[in-house]
Amino acid sequence: NQPNQDPQTLQGRHVVVSAGGTREPLDPVRFLGNRSSGKQGYALAQVAASRGARVTLISANSALPVPSGVDVVEVETALDLQDAVRDASADHADVVVMAAAVADFRPRDYLEAKIKKSHDPGEEHSAPTIELVRNPDILAGLVADRGAAPSPLIVGFAAETGDASGDVLSHARAKLARKGCDLLVANEVGRDVTFGKDDTLVHLLRPDTDEARTVGPASKVSVAGAVWDEVAHLLRDRTP
Ligand code: CTP
Ligand code: CA
């Protein structure tokens with residue numbers, strides 16, 4: 001890939017974006033899921049395509065329309081998402097952005113037949129216990145798999161609130177250090193209910209500086225633009 005004069009361009013780059021929220025099946029009709037809509041990941045895919053990138057969008061259970069010019073791979077579970085992200089990343093990816101909400105746990109057992117409640121007399125109040133096991137940390141796995149060969153830039157997301165043990169930025173800093181990624185987009189959640197639900201406030205953190213760039217409250221498309229500005233800059237820096 002050649003450096004380009006336009007500082008915002010992603011021309012000639014292959015970008016991989018995961019979006020949406022994974023679902024972990026319990027039985028043929030039920031799953032454990034989360035409320036992620038996929039909006040931020042889809043906005044990232046759309047803006048990257050508009051800046052000339054080849055875009056692979058790994059989409060977990062989102063109802064949103066696929067932006068034009070974007071290749072989509074649909075997945076359901078965290079394990080499916082991991083396979084799809086690894087495959088796309090091995091296909092000469094320049095950057096992988098993990099915007100998806102990945103389930104930390106999945107039910108240990110998948111039951112082939114629908115779970116039924118007991119109708120036996122005396123068992124009217126009985127209920128099953130669902131045992132969970134950990135899912136792999138896909139982002140940390142991408143970082144761990146980095147070899148000497150050109151490996152993609154890795155971008156993580158984090159939704160954080162301040163609490164007694166620290167503010168949003170200190171939690172985000174700790175997560176960036178734990179994950180070892182090149183850029184962390186920390187979403188400040190639940191700070192101000194007047195934010196429109198399409199608007200978001202994020203801090204962009206890098207491992208090599210204590211300074212964070214704050215963006216917003218702004219639309220998810222604006223946030224996507226700021227993330228790609230930062231990524232384009234980091235990619236240019238590492239291109240020999
Ligand atoms: N992530 C991942 N695989 C997982 C869980 C999370 O790749 N099994 C990614 C998300 O896509 C996101 C980043 O890791 O880019 C941070 O996710 P988050 O849930 O905030 O972090 P966790 O490490 O799971 O920590 P916790 O939920 O305990 O705060
Ligand atoms: Ca998590």
# chains A, B, ... in the order shown; residues from 1 in each chain; ligands from 1

call {"tool": "residues_near_ligand", "arguments": {"ligand": "ligand 1", "cutoff": "9 Å", "atoms": "only C-alpha atoms and all ligand atoms", "output": "mmCIF file with N, CA and C atoms, in the first residue's frame"}}
result
data_model
loop_
_atom_site.group_PDB
_atom_site.id
_atom_site.type_symbol
_atom_site.label_atom_id
_atom_site.label_comp_id
_atom_site.auth_asym_id
_atom_site.auth_seq_id
_atom_site.Cartn_x
_atom_site.Cartn_y
_atom_site.Cartn_z
ATOM 1 N N SER A 18 -16.201 -5.283 12.768
ATOM 2 C CA SER A 18 -17.261 -6.125 13.333
ATOM 3 C C SER A 18 -18.303 -5.214 13.954
ATOM 4 N N ALA A 19 -19.566 -5.633 13.857
ATOM 5 C CA ALA A 19 -20.665 -4.770 14.306
ATOM 6 C C ALA A 19 -21.812 -5.612 14.847
ATOM 7 N N ALA A 78 -20.426 -15.590 19.225
ATOM 8 C CA ALA A 78 -19.059 -15.085 19.406
ATOM 9 C C ALA A 78 -18.052 -15.994 18.698
ATOM 10 N N GLN A 82 -15.538 -14.858 15.803
ATOM 11 C CA GLN A 82 -14.091 -15.044 15.880
ATOM 12 C C GLN A 82 -13.550 -15.641 14.574
ATOM 13 N N VAL A 97 -11.375 -3.385 13.166
ATOM 14 C CA VAL A 97 -12.063 -2.582 14.177
ATOM 15 C C VAL A 97 -13.130 -3.444 14.848
ATOM 16 N N MET A 98 -12.962 -3.666 16.150
ATOM 17 C CA MET A 98 -13.909 -4.518 16.881
ATOM 18 C C MET A 98 -14.987 -3.653 17.539
ATOM 19 N N ALA A 99 -15.997 -3.291 16.729
ATOM 20 C CA ALA A 99 -17.101 -2.490 17.267
ATOM 21 C C ALA A 99 -18.236 -3.368 17.788
ATOM 22 N N ALA A 100 -18.178 -4.671 17.532
ATOM 23 C CA ALA A 100 -19.269 -5.557 17.965
ATOM 24 C C ALA A 100 -19.293 -5.728 19.481
ATOM 25 N N ALA A 101 -20.498 -5.910 20.001
ATOM 26 C CA ALA A 101 -20.672 -6.275 21.409
ATOM 27 C C ALA A 101 -20.636 -7.805 21.470
ATOM 28 N N VAL A 102 -19.522 -8.320 21.985
ATOM 29 C CA VAL A 102 -19.304 -9.772 21.993
ATOM 30 C C VAL A 102 -19.714 -10.312 23.366
ATOM 31 N N ALA A 103 -20.539 -11.356 23.376
ATOM 32 C CA ALA A 103 -20.954 -11.956 24.651
ATOM 33 C C ALA A 103 -19.726 -12.501 25.368
ATOM 34 N N ASP A 104 -19.555 -12.126 26.626
ATOM 35 C CA ASP A 104 -18.422 -12.637 27.400
ATOM 36 C C ASP A 104 -18.607 -14.107 27.760
ATOM 37 N N PHE A 105 -19.868 -14.538 27.817
ATOM 38 C CA PHE A 105 -20.185 -15.925 28.229
ATOM 39 C C PHE A 105 -21.199 -16.532 27.270
ATOM 40 N N ARG A 134 -16.905 -19.180 29.543
ATOM 41 C CA ARG A 134 -16.334 -17.973 28.941
ATOM 42 C C ARG A 134 -16.199 -18.124 27.436
ATOM 43 N N ASN A 135 -16.476 -17.044 26.719
ATOM 44 C CA ASN A 135 -16.128 -16.979 25.309
ATOM 45 C C ASN A 135 -14.695 -16.478 25.181
ATOM 46 N N PRO A 136 -14.037 -16.791 24.050
ATOM 47 C CA PRO A 136 -12.698 -16.227 23.845
ATOM 48 C C PRO A 136 -12.776 -14.711 23.714
ATOM 49 N N ASP A 137 -11.722 -14.030 24.114
ATOM 50 C CA ASP A 137 -11.607 -12.588 23.881
ATOM 51 C C ASP A 137 -10.994 -12.421 22.485
ATOM 52 N N ILE A 138 -11.821 -12.059 21.536
ATOM 53 C CA ILE A 138 -11.410 -12.033 20.127
ATOM 54 C C ILE A 138 -10.336 -10.964 19.901
ATOM 55 N N LEU A 139 -10.571 -9.797 20.470
ATOM 56 C CA LEU A 139 -9.618 -8.685 20.333
ATOM 57 C C LEU A 139 -8.254 -9.047 20.929
ATOM 58 N N ALA A 140 -8.258 -9.569 22.143
ATOM 59 C CA ALA A 140 -6.994 -9.945 22.777
ATOM 60 C C ALA A 140 -6.308 -11.048 21.968
ATOM 61 N N GLY A 141 -7.101 -11.940 21.364
ATOM 62 C CA GLY A 141 -6.553 -13.001 20.521
ATOM 63 C C GLY A 141 -5.867 -12.438 19.285
ATOM 64 N N LEU A 142 -6.462 -11.422 18.668
ATOM 65 C CA LEU A 142 -5.848 -10.787 17.493
ATOM 66 C C LEU A 142 -4.500 -10.184 17.874
ATOM 67 N N VAL A 155 -8.123 -2.043 16.460
ATOM 68 C CA VAL A 155 -8.884 -0.999 17.163
ATOM 69 C C VAL A 155 -9.971 -1.646 18.012
ATOM 70 N N GLY A 156 -9.999 -1.293 19.296
ATOM 71 C CA GLY A 156 -11.028 -1.809 20.198
ATOM 72 C C GLY A 156 -12.032 -0.740 20.575
ATOM 73 N N PHE A 157 -13.160 -1.171 21.041
ATOM 74 C CA PHE A 157 -14.195 -0.284 21.557
ATOM 75 C C PHE A 157 -14.429 -0.612 23.020
ATOM 76 N N ALA A 158 -14.898 0.362 23.782
ATOM 77 C CA ALA A 158 -15.287 0.080 25.159
ATOM 78 C C ALA A 158 -16.390 1.036 25.552
ATOM 79 N N ALA A 159 -17.454 0.504 26.115
ATOM 80 C CA ALA A 159 -18.505 1.355 26.675
ATOM 81 C C ALA A 159 -18.212 1.446 28.166
ATOM 82 N N GLU A 160 -17.984 2.664 28.639
ATOM 83 C CA GLU A 160 -17.576 2.812 30.040
ATOM 84 C C GLU A 160 -18.439 3.838 30.759
ATOM 85 N N HIS A 171 -10.750 4.056 33.506
ATOM 86 C CA HIS A 171 -11.173 2.693 33.144
ATOM 87 C C HIS A 171 -10.726 2.350 31.717
ATOM 88 N N ALA A 172 -10.868 3.333 30.828
ATOM 89 C CA ALA A 172 -10.514 3.106 29.420
ATOM 90 C C ALA A 172 -9.011 2.879 29.266
ATOM 91 N N LYS A 175 -8.262 -0.578 30.290
ATOM 92 C CA LYS A 175 -8.696 -1.551 29.284
ATOM 93 C C LYS A 175 -7.742 -1.561 28.100
ATOM 94 N N LEU A 176 -7.289 -0.388 27.671
ATOM 95 C CA LEU A 176 -6.330 -0.298 26.558
ATOM 96 C C LEU A 176 -5.059 -1.068 26.912
ATOM 97 N N ARG A 178 -4.761 -3.500 29.080
ATOM 98 C CA ARG A 178 -5.071 -4.927 29.196
ATOM 99 C C ARG A 178 -5.182 -5.569 27.820
ATOM 100 N N LYS A 179 -5.803 -4.858 26.882
ATOM 101 C CA LYS A 179 -6.081 -5.436 25.564
ATOM 102 C C LYS A 179 -4.873 -5.364 24.635
ATOM 103 N N LEU A 184 -8.047 2.683 21.184
ATOM 104 C CA LEU A 184 -9.273 2.295 21.890
ATOM 105 C C LEU A 184 -10.267 3.441 21.794
ATOM 106 N N VAL A 185 -11.467 3.109 21.344
ATOM 107 C CA VAL A 185 -12.541 4.092 21.258
ATOM 108 C C VAL A 185 -13.424 3.890 22.482
ATOM 109 N N ALA A 186 -13.293 4.794 23.449
ATOM 110 C CA ALA A 186 -14.040 4.637 24.697
ATOM 111 C C ALA A 186 -15.309 5.468 24.625
#

call {"tool": "residues_around", "arguments": {"residues": "range 47-61 of chain A", "least_positions_apart": "6", "cutoff": "8 Å", "atoms": "only C-alpha atoms", "output": "PyMOL selection string"}}
result
chain A and resi 8-23+38+68-77+81+84-85+88+100+221+224-225+228

call {"tool": "write_last_selection", "arguments": {"atoms": "N, CA and C atoms", "output": "mmCIF file, in the first residue's frame"}}
result
data_model
loop_
_atom_site.group_PDB
_atom_site.id
_atom_site.type_symbol
_atom_site.label_atom_id
_atom_site.label_comp_id
_atom_site.auth_asym_id
_atom_site.auth_seq_id
_atom_site.Cartn_x
_atom_site.Cartn_y
_atom_site.Cartn_z
ATOM 1 N N GLN A 8 -6.989 11.815 4.647
ATOM 2 C CA GLN A 8 -8.146 11.042 5.113
ATOM 3 C C GLN A 8 -8.396 9.786 4.286
ATOM 4 N N THR A 9 -7.678 9.625 3.197
ATOM 5 C CA THR A 9 -8.036 8.545 2.283
ATOM 6 C C THR A 9 -7.755 7.162 2.871
ATOM 7 N N LEU A 10 -8.592 6.214 2.487
ATOM 8 C CA LEU A 10 -8.346 4.803 2.836
ATOM 9 C C LEU A 10 -8.238 3.991 1.549
ATOM 10 N N GLN A 11 -7.966 4.679 0.457
ATOM 11 C CA GLN A 11 -7.780 4.055 -0.844
ATOM 12 C C GLN A 11 -6.705 2.973 -0.761
ATOM 13 N N GLY A 12 -7.010 1.792 -1.312
ATOM 14 C CA GLY A 12 -6.020 0.718 -1.322
ATOM 15 C C GLY A 12 -5.942 -0.055 -0.016
ATOM 16 N N ARG A 13 -6.734 0.306 0.966
ATOM 17 C CA ARG A 13 -6.723 -0.383 2.260
ATOM 18 C C ARG A 13 -7.855 -1.395 2.330
ATOM 19 N N HIS A 14 -7.593 -2.510 3.032
ATOM 20 C CA HIS A 14 -8.670 -3.456 3.354
ATOM 21 C C HIS A 14 -8.992 -3.272 4.825
ATOM 22 N N VAL A 15 -10.199 -2.839 5.133
ATOM 23 C CA VAL A 15 -10.585 -2.649 6.522
ATOM 24 C C VAL A 15 -11.662 -3.663 6.900
ATOM 25 N N VAL A 16 -11.522 -4.196 8.109
ATOM 26 C CA VAL A 16 -12.467 -5.189 8.634
ATOM 27 C C VAL A 16 -13.147 -4.554 9.846
ATOM 28 N N VAL A 17 -14.474 -4.561 9.829
ATOM 29 C CA VAL A 17 -15.230 -3.976 10.939
ATOM 30 C C VAL A 17 -16.212 -5.012 11.458
ATOM 31 N N SER A 18 -16.201 -5.283 12.768
ATOM 32 C CA SER A 18 -17.261 -6.125 13.333
ATOM 33 C C SER A 18 -18.303 -5.214 13.954
ATOM 34 N N ALA A 19 -19.566 -5.633 13.857
ATOM 35 C CA ALA A 19 -20.665 -4.770 14.306
ATOM 36 C C ALA A 19 -21.812 -5.612 14.847
ATOM 37 N N GLY A 20 -22.660 -4.960 15.632
ATOM 38 C CA GLY A 20 -23.847 -5.657 16.154
ATOM 39 C C GLY A 20 -23.537 -6.347 17.469
ATOM 40 N N GLY A 21 -24.370 -7.299 17.808
ATOM 41 C CA GLY A 21 -24.202 -8.009 19.070
ATOM 42 C C GLY A 21 -24.378 -9.501 18.865
ATOM 43 N N THR A 22 -23.506 -10.290 19.495
ATOM 44 C CA THR A 22 -23.595 -11.735 19.299
ATOM 45 C C THR A 22 -24.771 -12.317 20.084
ATOM 46 N N ARG A 23 -25.247 -13.474 19.626
ATOM 47 C CA ARG A 23 -26.304 -14.230 20.296
ATOM 48 C C ARG A 23 -25.793 -15.620 20.585
ATOM 49 N N GLY A 38 -25.825 -2.160 16.249
ATOM 50 C CA GLY A 38 -24.908 -2.200 15.107
ATOM 51 C C GLY A 38 -24.668 -0.838 14.474
ATOM 52 N N SER A 68 -23.739 0.621 0.780
ATOM 53 C CA SER A 68 -23.334 0.173 -0.552
ATOM 54 C C SER A 68 -21.809 0.123 -0.657
ATOM 55 N N GLY A 69 -21.339 -0.845 -1.423
ATOM 56 C CA GLY A 69 -19.901 -1.012 -1.600
ATOM 57 C C GLY A 69 -19.229 -1.770 -0.469
ATOM 58 N N VAL A 70 -20.029 -2.335 0.445
ATOM 59 C CA VAL A 70 -19.469 -3.043 1.600
ATOM 60 C C VAL A 70 -19.772 -4.533 1.470
ATOM 61 N N ASP A 71 -18.741 -5.384 1.697
ATOM 62 C CA ASP A 71 -18.959 -6.833 1.710
ATOM 63 C C ASP A 71 -19.366 -7.238 3.112
ATOM 64 N N VAL A 72 -20.475 -7.963 3.238
ATOM 65 C CA VAL A 72 -20.944 -8.323 4.569
ATOM 66 C C VAL A 72 -20.847 -9.828 4.795
ATOM 67 N N VAL A 73 -20.438 -10.200 6.005
ATOM 68 C CA VAL A 73 -20.447 -11.601 6.443
ATOM 69 C C VAL A 73 -21.346 -11.645 7.675
ATOM 70 N N GLU A 74 -22.416 -12.399 7.607
ATOM 71 C CA GLU A 74 -23.354 -12.460 8.736
ATOM 72 C C GLU A 74 -22.952 -13.577 9.696
ATOM 73 N N VAL A 75 -22.947 -13.264 10.974
ATOM 74 C CA VAL A 75 -22.622 -14.260 11.998
ATOM 75 C C VAL A 75 -23.652 -14.179 13.123
ATOM 76 N N GLU A 76 -23.694 -15.223 13.931
ATOM 77 C CA GLU A 76 -24.612 -15.214 15.069
ATOM 78 C C GLU A 76 -23.854 -15.170 16.408
ATOM 79 N N THR A 77 -22.987 -16.145 16.627
ATOM 80 C CA THR A 77 -22.359 -16.294 17.952
ATOM 81 C C THR A 77 -20.961 -15.672 18.002
ATOM 82 N N LEU A 81 -18.185 -15.260 15.099
ATOM 83 C CA LEU A 81 -17.577 -13.938 14.869
ATOM 84 C C LEU A 81 -16.056 -14.064 14.872
ATOM 85 N N ALA A 84 -14.903 -15.544 11.567
ATOM 86 C CA ALA A 84 -15.069 -14.603 10.449
ATOM 87 C C ALA A 84 -14.033 -13.474 10.531
ATOM 88 N N VAL A 85 -13.776 -12.988 11.736
ATOM 89 C CA VAL A 85 -12.801 -11.907 11.900
ATOM 90 C C VAL A 85 -11.403 -12.408 11.553
ATOM 91 N N ALA A 88 -11.141 -12.811 7.684
ATOM 92 C CA ALA A 88 -11.077 -11.513 6.991
ATOM 93 C C ALA A 88 -9.747 -10.832 7.281
ATOM 94 N N ALA A 100 -18.178 -4.671 17.532
ATOM 95 C CA ALA A 100 -19.269 -5.557 17.965
ATOM 96 C C ALA A 100 -19.293 -5.728 19.481
ATOM 97 N N VAL A 221 -21.875 8.748 12.646
ATOM 98 C CA VAL A 221 -21.133 8.966 11.395
ATOM 99 C C VAL A 221 -19.946 9.916 11.642
ATOM 100 N N ALA A 224 -17.363 8.004 13.461
ATOM 101 C CA ALA A 224 -16.678 7.117 12.511
ATOM 102 C C ALA A 224 -15.619 7.894 11.735
ATOM 103 N N GLY A 225 -15.954 9.114 11.306
ATOM 104 C CA GLY A 225 -14.991 9.944 10.577
ATOM 105 C C GLY A 225 -13.743 10.201 11.409
ATOM 106 N N TRP A 228 -11.592 7.024 11.654
ATOM 107 C CA TRP A 228 -10.823 6.746 10.422
ATOM 108 C C TRP A 228 -9.715 7.776 10.206
#

call {"tool": "residues_around", "arguments": {"residues": "Val223 in chain A", "least_positions_apart": "6", "cutoff": "10 Å", "atoms": "only C-alpha atoms", "output": "list in words"}}
result
Gln40, Ala43, Leu44, Val47, Val185, Asp199, Thr200, Leu201, Val202, His203, Leu204, Thr214, Val215, Gly216, Pro217 and Asp229 of chain A

call {"tool": "select_by_dssp", "arguments": {"residues": "range 7-232 of chain A", "states": "strand (DSSP E or B)", "output": "PyMOL selection string"}}
result
chain A and resi 14-21+24-27+30-32+54-60+70-75+95-98+101+105-107+132-134+153-160+163+166+183-188+199-205+213-219

call {"tool": "residues_around", "arguments": {"residues": "Leu26 in chain A", "least_positions_apart": "6", "cutoff": "7 Å", "atoms": "only C-alpha atoms", "output": "ChimeraX atom specification"}}
result
/A:107,110-111

call {"tool": "write_last_selection", "arguments": {"atoms": "N, CA and C atoms", "output": "mmCIF file, in the first residue's frame"}}
result
data_model
loop_
_atom_site.group_PDB
_atom_site.id
_atom_site.type_symbol
_atom_site.label_atom_id
_atom_site.label_comp_id
_atom_site.auth_asym_id
_atom_site.auth_seq_id
_atom_site.Cartn_x
_atom_site.Cartn_y
_atom_site.Cartn_z
ATOM 1 N N PRO A 107 -23.964 -20.185 27.041
ATOM 2 C CA PRO A 107 -24.436 -21.358 27.786
ATOM 3 C C PRO A 107 -23.490 -22.536 27.528
ATOM 4 N N TYR A 110 -25.813 -26.593 24.586
ATOM 5 C CA TYR A 110 -26.900 -26.258 23.666
ATOM 6 C C TYR A 110 -27.840 -27.451 23.660
ATOM 7 N N LEU A 111 -29.114 -27.199 23.925
ATOM 8 C CA LEU A 111 -30.072 -28.305 23.966
ATOM 9 C C LEU A 111 -30.783 -28.421 22.625
#

call {"tool": "closest_residue", "arguments": {"among": "A:Pro67, A:His233, A:Ser118, A:Gly33", "to": "Asp6 in chain A", "atoms": "only C-alpha atoms"}}
result
A:His233

call {"tool": "select_by_dssp", "arguments": {"residues": "range 37-148 of chain A", "states": "alpha helix (DSSP H)", "output": "PyMOL selection string"}}
result
chain A and resi 39-50+78-90+138-144

call {"tool": "write_last_selection", "arguments": {"atoms": "C-alpha atoms", "output": "PDB file, in the first residue's frame"}}
result
ATOM      1  CA  LYS A  39     -25.256   1.523  14.332  1.00  0.00           C
ATOM      2  CA  GLN A  40     -21.668   2.500  15.194  1.00  0.00           C
ATOM      3  CA  GLY A  41     -20.123  -0.407  13.281  1.00  0.00           C
ATOM      4  CA  TYR A  42     -22.323   0.191  10.231  1.00  0.00           C
ATOM      5  CA  ALA A  43     -21.409   3.905  10.291  1.00  0.00           C
ATOM      6  CA  LEU A  44     -17.718   2.916  10.377  1.00  0.00           C
ATOM      7  CA  ALA A  45     -18.208   0.601   7.387  1.00  0.00           C
ATOM      8  CA  GLN A  46     -20.108   3.240   5.415  1.00  0.00           C
ATOM      9  CA  VAL A  47     -17.548   5.988   6.030  1.00  0.00           C
ATOM     10  CA  ALA A  48     -14.600   3.675   5.233  1.00  0.00           C
ATOM     11  CA  ALA A  49     -16.231   2.710   1.919  1.00  0.00           C
ATOM     12  CA  SER A  50     -16.822   6.380   1.106  1.00  0.00           C
ATOM     13  CA  ALA A  78     -19.059 -15.085  19.406  1.00  0.00           C
ATOM     14  CA  LEU A  79     -17.328 -18.215  18.094  1.00  0.00           C
ATOM     15  CA  ASP A  80     -18.707 -17.549  14.569  1.00  0.00           C
ATOM     16  CA  LEU A  81     -17.577 -13.938  14.869  1.00  0.00           C
ATOM     17  CA  GLN A  82     -14.091 -15.044  15.880  1.00  0.00           C
ATOM     18  CA  ASP A  83     -13.778 -17.302  12.805  1.00  0.00           C
ATOM     19  CA  ALA A  84     -15.069 -14.603  10.449  1.00  0.00           C
ATOM     20  CA  VAL A  85     -12.801 -11.907  11.900  1.00  0.00           C
ATOM     21  CA  ARG A  86      -9.756 -14.172  11.676  1.00  0.00           C
ATOM     22  CA  ASP A  87     -10.500 -15.122   8.059  1.00  0.00           C
ATOM     23  CA  ALA A  88     -11.077 -11.513   6.991  1.00  0.00           C
ATOM     24  CA  SER A  89      -8.032 -10.332   8.894  1.00  0.00           C
ATOM     25  CA  ALA A  90      -5.827 -12.958   7.213  1.00  0.00           C
ATOM     26  CA  ILE A 138     -11.410 -12.033  20.127  1.00  0.00           C
ATOM     27  CA  LEU A 139      -9.618  -8.685  20.333  1.00  0.00           C
ATOM     28  CA  ALA A 140      -6.994  -9.945  22.777  1.00  0.00           C
ATOM     29  CA  GLY A 141      -6.553 -13.001  20.521  1.00  0.00           C
ATOM     30  CA  LEU A 142      -5.848 -10.787  17.493  1.00  0.00           C
ATOM     31  CA  VAL A 143      -3.221  -8.933  19.514  1.00  0.00           C
ATOM     32  CA  ALA A 144      -1.659 -12.191  20.768  1.00  0.00           C
TER      33      ALA A 144
END

call {"tool": "closest_residue", "arguments": {"among": "A:Asn34, A:Asp208, A:Ala232, A:Glu112", "to": "ligand 2", "atoms": "only C-alpha atoms and all ligand atoms"}}
result
A:Asn34

call {"tool": "atom_distance", "arguments": {"atom1": "CA of Val66 in chain A", "atom2": "CA of Pro25 in chain A"}}
result
24.5 Å
